[in-house]
Amino acid sequence: MQKIMALAKRRGFIFQSSEIYGGYQGFWDYGPVGVELKKNIKNEWWKTMVYGREDVVGIDASIVMNPVVWEKSGHLTAFTDPLVECKECHKRFRADHDDLLKAHSKEHNNKTEWTEAKTFNLMTEVLLGTTEPKEKSYLRGEITQGVFVNFKNVIDSTRVKIPFGIAQIGKAFRNEVTPGNFTFRSKEFEQMELEYFVKPDEKDSEKTYEKLKEIRMDWYKSLSMNPKKLHFADHAHDKRAHYAKYATDIEYEAPFGWSEMEGIHHRGDYDLSNHGLKYRDGVTNEEYTPWVIETSGGVDRATLFFLIDSYTEDGNRVYLKLNPKIAPYKVAVFPLLGNKPELTAKAREVYQELKKSMVVTWDDRGNIGKRYFAQDEIGTPWCVTVDFDTEKDNSVTVRDRDTGKQDRIAIDKLQEYFQNRLR
Ligand code: ATP
């Protein structure tokens with residue numbers, strides 16, 4: 001983890017929020033390279049979960065909603081974690097995080113006395129309006145509710161019919177008791193979710209649940225995450241969230257242990273019933289409350305686990321073996337030497353041309369070895385070098401990140417070369 005965190009900062013993936021003022025616990029900023037990685041992950045998710053399907057549409061709901069939403073959803077009473085306090089130093093921890101409790105106990109020679117566990121609500125309050133007392137609302141604790149409150153709007157404005165899904169990506173906020181493990185548990189984070197509405201039927205809904213589990217697991221594997229580090233962990237009955245009929249997590253084996261990356265939940269009719277929403281079948285006129293199967297992934301957790309998973313040390317070479325689809329830059333273009341105007345001019349031409357169809361970066365600092373080193377650390381799959389032969393053969397050297405192998409490719413074949421490899 002230390003190596004990943006150092007690399008993330010050094011190369012511009014992730015910085016501490018407000019770092020110049022000492023940071024702010026539970027908040028993180030994505031740098032120039034990190035923002036690209038995160039954006040690519042979200043785009044790949046949207047491609048699979050929305051564009052790749054005929055039965056899913058997207059929305060983008062507001063972060064702050066009418067506080068009644070949170071009353072009805074059960075979050076104001078049930079969105080809680082058990083909290084205990086160390087009687088000596090008054091530090092607070094989640095009562096169900098045994099590892100953290102043990103670690104803290106050691107600080108007091110294993111003699112820590114804890115208070116009784118209290119329920120602690122995770123919703124973040126915001127105060128709005130111009131008159132005192134200001135009106136209290138909340139930053140959404142999950143993006144899900146924005147979908148349910150738009151259920152009728154989506155049906156009325158589109159041609160969706162049950163079964164169908166509504167997808168959304170956006171920020172959520174939780175006043176976590178113990179944020180930590182880098183971005184894994186933050187107070188502000190992004191979620192990517194599908195709420196899939198089905199007819200209330202035990203067998204059929206279970207089939208959908210199983211299918212969605214498979215689709216989500218395959219997605220991580222299709223983006224080259226190591227299958228040996230992925231598994232499902234079913235929730236025991238007493239560990240389920242307040243809304244879940246049954247639930248499983250896709251977990252990743254992080255350096256800090258198997259950890260939840262995405263939850264797949266059968267929410268039954270819990271939410272639509274709470275909001276008093278029903279569905280009327282346009283053909284049979286039958287009216288019922290649909291059931292919901294949800295896939296809820298964390299964008300930041302996926303980003304962190306893709307970083308961890310792709311981190312590779314090979315002798316003294318370090319590189320991120322990111323799938324080219326999510327790599328921040330697809331290609332880096334260099335002139336062999338930075339101080340030869342004729343090389344630079346030609347390299348700029350190649351760079352501008354490639355830029356039309358993919359995200360490309362430029363580097364003409366230092367020597368070529370240093371540039372390879374830098375691109376490896378941010379996971380750029382291919383480096384293109386314009387050298388003295390380019391003038392003669394109209395070709396460039398393309399170096400592969402994973403193998404280090406170099407190919408000589410004609411400039412007019414470059415687009416095709418990369419597009420074939422990005423499919
Ligand atoms: P945990 O048990 O780790 O607190 P959860 O079960 O409460 O997570 P869900 O409510 O199911 O999480 O949220 C769905 C997804 O949102 C999680 O799988 C995770 O990827 C992401 N997520 C939830 N809380 C956080 C957080 N504090 N920081 C970053 N991502 C989060």
# chains A, B, ... in the order shown; residues from 1 in each chain; ligands from 1
>>> closest_atom_pairs(of="chain A", to="ligand 1", cutoff="9 Å", atoms="only C-alpha atoms and all ligand atoms", output="tab-separated table")
residue	atom	partner	partner_atom_place_in_ligand_line	distance
A:Gly26	CA	ligand 1	27 (N)	8.2
A:Phe79	CA	ligand 1	7 (O)	8.9
A:Asp81	CA	ligand 1	4 (O)	8.6
A:Gly141	CA	ligand 1	10 (O)	8.3
A:Glu142	CA	ligand 1	10 (O)	6.8
A:Ala172	CA	ligand 1	25 (C)	8.2
A:Phe173	CA	ligand 1	27 (N)	7.5
A:Arg174	CA	ligand 1	27 (N)	6.0
A:Asn175	CA	ligand 1	27 (N)	8.0
A:Glu176	CA	ligand 1	27 (N)	6.1
A:Thr178	CA	ligand 1	27 (N)	9.0
A:Pro179	CA	ligand 1	27 (N)	6.8
A:Gly180	CA	ligand 1	28 (N)	8.7
A:Thr183	CA	ligand 1	29 (C)	6.4
A:Phe184	CA	ligand 1	29 (C)	5.1
A:Arg185	CA	ligand 1	28 (N)	3.6
A:Ser186	CA	ligand 1	28 (N)	3.9
A:Lys187	CA	ligand 1	27 (N)	5.4
A:Glu188	CA	ligand 1	28 (N)	6.7
A:Phe189	CA	ligand 1	29 (C)	5.1
A:Glu190	CA	ligand 1	30 (N)	6.8
A:Gln191	CA	ligand 1	16 (O)	5.5
A:Met192	CA	ligand 1	16 (O)	8.0
A:Glu193	CA	ligand 1	14 (C)	8.3
A:Arg240	CA	ligand 1	6 (O)	8.2
A:Ala241	CA	ligand 1	6 (O)	7.2
A:Asp249	CA	ligand 1	18 (O)	7.0
A:Ile250	CA	ligand 1	18 (O)	7.8
A:Glu251	CA	ligand 1	18 (O)	8.6
A:Ser259	CA	ligand 1	3 (O)	7.4
A:Glu260	CA	ligand 1	18 (O)	5.3
A:Met261	CA	ligand 1	20 (O)	4.3
A:Glu262	CA	ligand 1	18 (O)	3.5
A:Gly263	CA	ligand 1	18 (O)	4.7
A:Ile264	CA	ligand 1	11 (O)	7.7
A:His265	CA	ligand 1	11 (O)	8.0
A:Thr295	CA	ligand 1	14 (C)	8.1
A:Ser296	CA	ligand 1	14 (C)	4.7
A:Gly297	CA	ligand 1	20 (O)	4.6
A:Gly298	CA	ligand 1	20 (O)	3.1
A:Val299	CA	ligand 1	20 (O)	6.7
A:Asp300	CA	ligand 1	29 (C)	6.0
A:Arg301	CA	ligand 1	20 (O)	5.4
A:Ala302	CA	ligand 1	20 (O)	7.2
>>> residues_around(residues="Met5 in chain A", least_positions_apart="3", cutoff="12 Å", atoms="only C-alpha atoms", output="PyMOL selection string")
chain A and resi 1-2+8-16+28+181-184+304+307-308+311
>>> atom_distance(atom1="CA of Arg421 in chain A", atom2="CA of Tyr51 in chain A")
21.0 Å
>>> atom_distance(atom1="CA of Phe373 in chain A", atom2="CA of Arg401 in chain A")
9.8 Å
>>> atom_distance(atom1="CA of Thr380 in chain A", atom2="CA of Lys330 in chain A")
5.6 Å
>>> residues_around(residues="Leu272 in chain A", least_positions_apart="2", cutoff="12 Å", atoms="only C-alpha atoms", output="JSON, numbers by chain")
{"A": [69, 72, 73, 144, 145, 146, 147, 148, 149, 150, 151, 152, 195, 197, 198, 200, 243, 267, 268, 269, 270, 274, 275, 276, 277, 278, 279, 288, 289, 290, 291, 292]}
>>> residues_around(residues="Ile41 in chain A", least_positions_apart="3", cutoff="6 Å", atoms="only C-alpha atoms", output="PDB file with C-alpha atoms, in the first residue's frame")
ATOM      1  CA  LYS A  38     -11.465   7.235 -13.072  1.00  0.00           C
ATOM      2  CA  GLU A  44     -16.491   1.502 -19.510  1.00  0.00           C
ATOM      3  CA  ILE A 326      -8.810   2.281 -18.858  1.00  0.00           C
TER       4      ILE A 326
END
>>> residues_around(residues="range 95-107 of chain A", least_positions_apart="6", cutoff="9 Å", atoms="only C-alpha atoms", output="number ranges by chain")
A: 81-86, 113, 117-118, 178
>>> write_last_selection(atoms="N, CA and C atoms", output="mmCIF file, in the first residue's frame")
data_model
loop_
_atom_site.group_PDB
_atom_site.id
_atom_site.type_symbol
_atom_site.label_atom_id
_atom_site.label_comp_id
_atom_site.auth_asym_id
_atom_site.auth_seq_id
_atom_site.Cartn_x
_atom_site.Cartn_y
_atom_site.Cartn_z
ATOM 1 N N ASP A 81 -24.207 2.939 11.691
ATOM 2 C CA ASP A 81 -23.174 1.969 12.044
ATOM 3 C C ASP A 81 -23.067 1.956 13.562
ATOM 4 N N PRO A 82 -22.681 0.805 14.142
ATOM 5 C CA PRO A 82 -22.479 0.777 15.589
ATOM 6 C C PRO A 82 -21.154 1.435 15.946
ATOM 7 N N LEU A 83 -21.184 2.309 16.945
ATOM 8 C CA LEU A 83 -19.984 3.069 17.291
ATOM 9 C C LEU A 83 -19.605 2.840 18.758
ATOM 10 N N VAL A 84 -18.320 2.634 19.003
ATOM 11 C CA VAL A 84 -17.842 2.563 20.385
ATOM 12 C C VAL A 84 -16.741 3.606 20.586
ATOM 13 N N GLU A 85 -16.564 3.995 21.840
ATOM 14 C CA GLU A 85 -15.566 5.020 22.151
ATOM 15 C C GLU A 85 -14.577 4.463 23.167
ATOM 16 N N CYS A 86 -13.300 4.757 22.960
ATOM 17 C CA CYS A 86 -12.277 4.362 23.929
ATOM 18 C C CYS A 86 -12.450 5.270 25.153
ATOM 19 N N GLU A 113 -10.761 0.107 27.578
ATOM 20 C CA GLU A 113 -12.170 -0.104 27.947
ATOM 21 C C GLU A 113 -13.018 0.662 26.953
ATOM 22 N N ALA A 117 -21.874 0.015 22.619
ATOM 23 C CA ALA A 117 -22.033 0.446 21.225
ATOM 24 C C ALA A 117 -23.294 1.313 21.079
ATOM 25 N N LYS A 118 -23.130 2.454 20.392
ATOM 26 C CA LYS A 118 -24.269 3.335 20.111
ATOM 27 C C LYS A 118 -24.510 3.298 18.606
ATOM 28 N N THR A 178 -14.791 5.600 10.751
ATOM 29 C CA THR A 178 -13.343 5.406 10.582
ATOM 30 C C THR A 178 -12.983 5.336 9.102
#
>>> select_by_dssp(residues="range 189-385 of chain A", states="strand (DSSP E)", output="number ranges by chain")
A: 189-198, 230-234, 246-254, 257-268, 279-280, 287-288, 291-298, 311-314, 317-320, 331-335, 360-362, 382-385
>>> residues_around(residues="Ser310 in chain A", least_positions_apart="6", cutoff="6 Å", atoms="only C-alpha atoms", output="number ranges by chain")
A: 320-322
>>> residues_around(residues="range 383-393 of chain A", least_positions_apart="3", cutoff="10 Å", atoms="only C-alpha atoms", output="ChimeraX atom specification")
/A:330-337,340,342-348,350-351,360-363,368,371-372,375-376,380,396-401,404,406-411,414
>>> write_last_selection(atoms="N, CA and C atoms", output="compact mmCIF listing (two decimals), in the first residue's frame")
# COMPACT_ATOMS: atom_id res chain seq x y z
N LYS A 330 -3.48 6.51 -23.80
CA LYS A 330 -3.29 5.31 -24.62
C LYS A 330 -1.88 5.28 -25.20
N VAL A 331 -1.41 6.46 -25.60
CA VAL A 331 -0.13 6.54 -26.30
C VAL A 331 0.66 7.76 -25.81
N ALA A 332 1.98 7.61 -25.72
CA ALA A 332 2.85 8.77 -25.49
C ALA A 332 3.71 8.94 -26.74
N VAL A 333 3.85 10.18 -27.18
CA VAL A 333 4.67 10.43 -28.38
C VAL A 333 5.90 11.25 -27.99
N PHE A 334 7.07 10.80 -28.47
CA PHE A 334 8.33 11.52 -28.18
C PHE A 334 9.13 11.76 -29.46
N PRO A 335 9.87 12.87 -29.50
CA PRO A 335 10.97 12.94 -30.46
C PRO A 335 12.16 12.25 -29.78
N LEU A 336 12.97 11.52 -30.52
CA LEU A 336 14.09 10.79 -29.89
C LEU A 336 14.93 11.74 -29.03
N LEU A 337 15.23 12.94 -29.59
CA LEU A 337 15.97 13.95 -28.84
C LEU A 337 15.11 15.21 -28.78
N LYS A 340 16.30 18.65 -31.21
CA LYS A 340 16.44 18.62 -32.68
C LYS A 340 15.10 19.04 -33.29
N GLU A 342 13.87 19.32 -36.18
CA GLU A 342 13.23 18.54 -37.25
C GLU A 342 12.53 17.31 -36.66
N LEU A 343 13.13 16.70 -35.61
CA LEU A 343 12.49 15.55 -34.96
C LEU A 343 11.23 16.00 -34.22
N THR A 344 11.36 17.12 -33.50
CA THR A 344 10.22 17.63 -32.73
C THR A 344 9.05 17.96 -33.65
N ALA A 345 9.34 18.60 -34.79
CA ALA A 345 8.26 18.99 -35.71
C ALA A 345 7.51 17.75 -36.20
N LYS A 346 8.26 16.74 -36.57
CA LYS A 346 7.62 15.51 -37.10
C LYS A 346 6.81 14.81 -35.98
N ALA A 347 7.43 14.77 -34.79
CA ALA A 347 6.75 14.12 -33.66
C ALA A 347 5.46 14.87 -33.31
N ARG A 348 5.50 16.20 -33.38
CA ARG A 348 4.28 16.99 -33.09
C ARG A 348 3.18 16.64 -34.09
N VAL A 350 2.73 13.76 -35.65
CA VAL A 350 2.20 12.43 -35.29
C VAL A 350 1.27 12.56 -34.07
N TYR A 351 1.73 13.35 -33.11
CA TYR A 351 0.96 13.57 -31.87
C TYR A 351 -0.40 14.20 -32.17
N VAL A 360 -3.80 11.11 -25.89
CA VAL A 360 -2.37 10.93 -26.14
C VAL A 360 -1.60 11.96 -25.32
N THR A 361 -0.43 11.58 -24.84
CA THR A 361 0.39 12.55 -24.11
C THR A 361 1.71 12.76 -24.84
N TRP A 362 2.38 13.82 -24.48
CA TRP A 362 3.61 14.24 -25.14
C TRP A 362 4.73 14.34 -24.12
N ASP A 363 5.94 13.94 -24.49
CA ASP A 363 7.07 14.14 -23.58
C ASP A 363 8.33 14.34 -24.39
N ILE A 368 15.34 9.10 -23.38
CA ILE A 368 14.24 8.20 -23.71
C ILE A 368 13.96 7.19 -22.57
N ARG A 371 11.82 8.72 -19.98
CA ARG A 371 10.43 8.89 -20.45
C ARG A 371 9.69 7.56 -20.40
N TYR A 372 10.35 6.47 -20.81
CA TYR A 372 9.72 5.14 -20.70
C TYR A 372 9.35 4.86 -19.25
N GLN A 375 6.27 6.82 -18.24
CA GLN A 375 5.04 6.31 -18.86
C GLN A 375 4.65 4.96 -18.28
N ASP A 376 5.66 4.13 -17.97
CA ASP A 376 5.37 2.83 -17.35
C ASP A 376 4.63 3.02 -16.04
N THR A 380 0.91 3.79 -19.40
CA THR A 380 0.67 4.08 -20.82
C THR A 380 1.06 2.84 -21.66
N VAL A 396 7.76 4.92 -37.40
CA VAL A 396 8.16 5.25 -36.03
C VAL A 396 8.36 3.96 -35.24
N THR A 397 8.97 4.10 -34.07
CA THR A 397 9.13 2.93 -33.20
C THR A 397 7.98 2.93 -32.19
N VAL A 398 7.30 1.80 -32.08
CA VAL A 398 6.24 1.68 -31.08
C VAL A 398 6.71 0.67 -30.04
N ARG A 399 6.80 1.13 -28.79
CA ARG A 399 7.29 0.26 -27.73
C ARG A 399 6.13 -0.16 -26.84
N ASP A 400 6.04 -1.48 -26.60
CA ASP A 400 4.95 -2.04 -25.81
C ASP A 400 5.31 -2.02 -24.31
N ARG A 401 4.38 -1.50 -23.50
CA ARG A 401 4.63 -1.36 -22.06
C ARG A 401 4.94 -2.70 -21.36
N GLY A 404 8.05 -4.64 -23.48
CA GLY A 404 9.23 -3.84 -23.80
C GLY A 404 9.63 -3.99 -25.27
N GLN A 406 9.78 -3.66 -29.30
CA GLN A 406 9.61 -2.49 -30.17
C GLN A 406 9.27 -2.93 -31.58
N ASP A 407 8.25 -2.28 -32.15
CA ASP A 407 7.84 -2.55 -33.54
C ASP A 407 8.10 -1.30 -34.37
N ARG A 408 8.44 -1.50 -35.61
CA ARG A 408 8.57 -0.36 -36.52
C ARG A 408 7.27 -0.27 -37.32
N ILE A 409 6.55 0.85 -37.19
CA ILE A 409 5.24 0.95 -37.83
C ILE A 409 5.18 2.19 -38.72
N ALA A 410 4.60 2.05 -39.90
CA ALA A 410 4.44 3.19 -40.81
C ALA A 410 3.47 4.19 -40.18
N ILE A 411 3.78 5.48 -40.30
CA ILE A 411 2.95 6.51 -39.65
C ILE A 411 1.49 6.41 -40.10
N LEU A 414 -0.55 3.89 -38.09
CA LEU A 414 -0.54 3.97 -36.62
C LEU A 414 -1.95 3.90 -36.01
>>> closest_residue(among="A:Met65, A:Ile155, A:Ala233, A:Val56", to="Val126 in chain A", atoms="only C-alpha atoms")
A:Met65
>>> closest_residue(among="A:Lys39, A:Lys203, A:His266, A:Lys213", to="Phe232 in chain A", atoms="only C-alpha atoms")
A:Lys213
>>> decode(residues="range 44-58 of chain A", atoms="N, CA, C and O atoms", output="mmCIF file, in the first residue's frame")
data_model
loop_
_atom_site.group_PDB
_atom_site.id
_atom_site.type_symbol
_atom_site.label_atom_id
_atom_site.label_comp_id
_atom_site.auth_asym_id
_atom_site.auth_seq_id
_atom_site.Cartn_x
_atom_site.Cartn_y
_atom_site.Cartn_z
ATOM 1 N N GLU A 44 -16.379 2.934 -19.207
ATOM 2 C CA GLU A 44 -16.491 1.502 -19.510
ATOM 3 C C GLU A 44 -17.730 0.915 -18.831
ATOM 4 O O GLU A 44 -18.412 0.060 -19.381
ATOM 5 N N TRP A 45 -18.002 1.376 -17.623
ATOM 6 C CA TRP A 45 -19.194 0.908 -16.901
ATOM 7 C C TRP A 45 -20.449 1.312 -17.680
ATOM 8 O O TRP A 45 -21.345 0.501 -17.909
ATOM 9 N N TRP A 46 -20.491 2.568 -18.091
ATOM 10 C CA TRP A 46 -21.674 3.076 -18.803
ATOM 11 C C TRP A 46 -21.851 2.336 -20.134
ATOM 12 O O TRP A 46 -22.963 2.014 -20.530
ATOM 13 N N LYS A 47 -20.729 2.060 -20.818
ATOM 14 C CA LYS A 47 -20.793 1.333 -22.096
ATOM 15 C C LYS A 47 -21.447 -0.023 -21.894
ATOM 16 O O LYS A 47 -22.288 -0.444 -22.680
ATOM 17 N N THR A 48 -21.022 -0.740 -20.836
ATOM 18 C CA THR A 48 -21.553 -2.086 -20.596
ATOM 19 C C THR A 48 -22.984 -2.039 -20.066
ATOM 20 O O THR A 48 -23.845 -2.776 -20.529
ATOM 21 N N MET A 49 -23.224 -1.168 -19.103
ATOM 22 C CA MET A 49 -24.490 -1.235 -18.368
ATOM 23 C C MET A 49 -25.619 -0.435 -19.026
ATOM 24 O O MET A 49 -26.786 -0.679 -18.752
ATOM 25 N N VAL A 50 -25.271 0.545 -19.886
ATOM 26 C CA VAL A 50 -26.318 1.340 -20.544
ATOM 27 C C VAL A 50 -26.287 1.120 -22.063
ATOM 28 O O VAL A 50 -27.217 0.551 -22.629
ATOM 29 N N TYR A 51 -25.197 1.542 -22.712
ATOM 30 C CA TYR A 51 -25.157 1.464 -24.177
ATOM 31 C C TYR A 51 -25.199 0.033 -24.685
ATOM 32 O O TYR A 51 -25.691 -0.215 -25.781
ATOM 33 N N GLY A 52 -24.661 -0.895 -23.903
ATOM 34 C CA GLY A 52 -24.614 -2.287 -24.345
ATOM 35 C C GLY A 52 -25.960 -2.994 -24.209
ATOM 36 O O GLY A 52 -26.079 -4.162 -24.579
ATOM 37 N N ARG A 53 -26.962 -2.330 -23.650
ATOM 38 C CA ARG A 53 -28.242 -2.984 -23.392
ATOM 39 C C ARG A 53 -29.375 -2.192 -24.027
ATOM 40 O O ARG A 53 -29.255 -1.004 -24.274
ATOM 41 N N GLU A 54 -30.488 -2.880 -24.240
ATOM 42 C CA GLU A 54 -31.647 -2.172 -24.805
ATOM 43 C C GLU A 54 -32.641 -1.804 -23.723
ATOM 44 O O GLU A 54 -33.605 -1.096 -23.959
ATOM 45 N N ASP A 55 -32.441 -2.363 -22.518
ATOM 46 C CA ASP A 55 -33.460 -2.220 -21.477
ATOM 47 C C ASP A 55 -33.012 -1.322 -20.329
ATOM 48 O O ASP A 55 -33.564 -1.384 -19.232
ATOM 49 N N VAL A 56 -31.981 -0.500 -20.577
ATOM 50 C CA VAL A 56 -31.493 0.379 -19.502
ATOM 51 C C VAL A 56 -31.359 1.811 -20.015
ATOM 52 O O VAL A 56 -30.855 2.036 -21.113
ATOM 53 N N VAL A 57 -31.819 2.772 -19.210
ATOM 54 C CA VAL A 57 -31.616 4.190 -19.520
ATOM 55 C C VAL A 57 -30.874 4.820 -18.338
ATOM 56 O O VAL A 57 -30.887 4.272 -17.242
ATOM 57 N N GLY A 58 -30.257 5.966 -18.582
ATOM 58 C CA GLY A 58 -29.499 6.616 -17.505
ATOM 59 C C GLY A 58 -30.211 7.853 -16.976
ATOM 60 O O GLY A 58 -31.096 8.398 -17.636
#
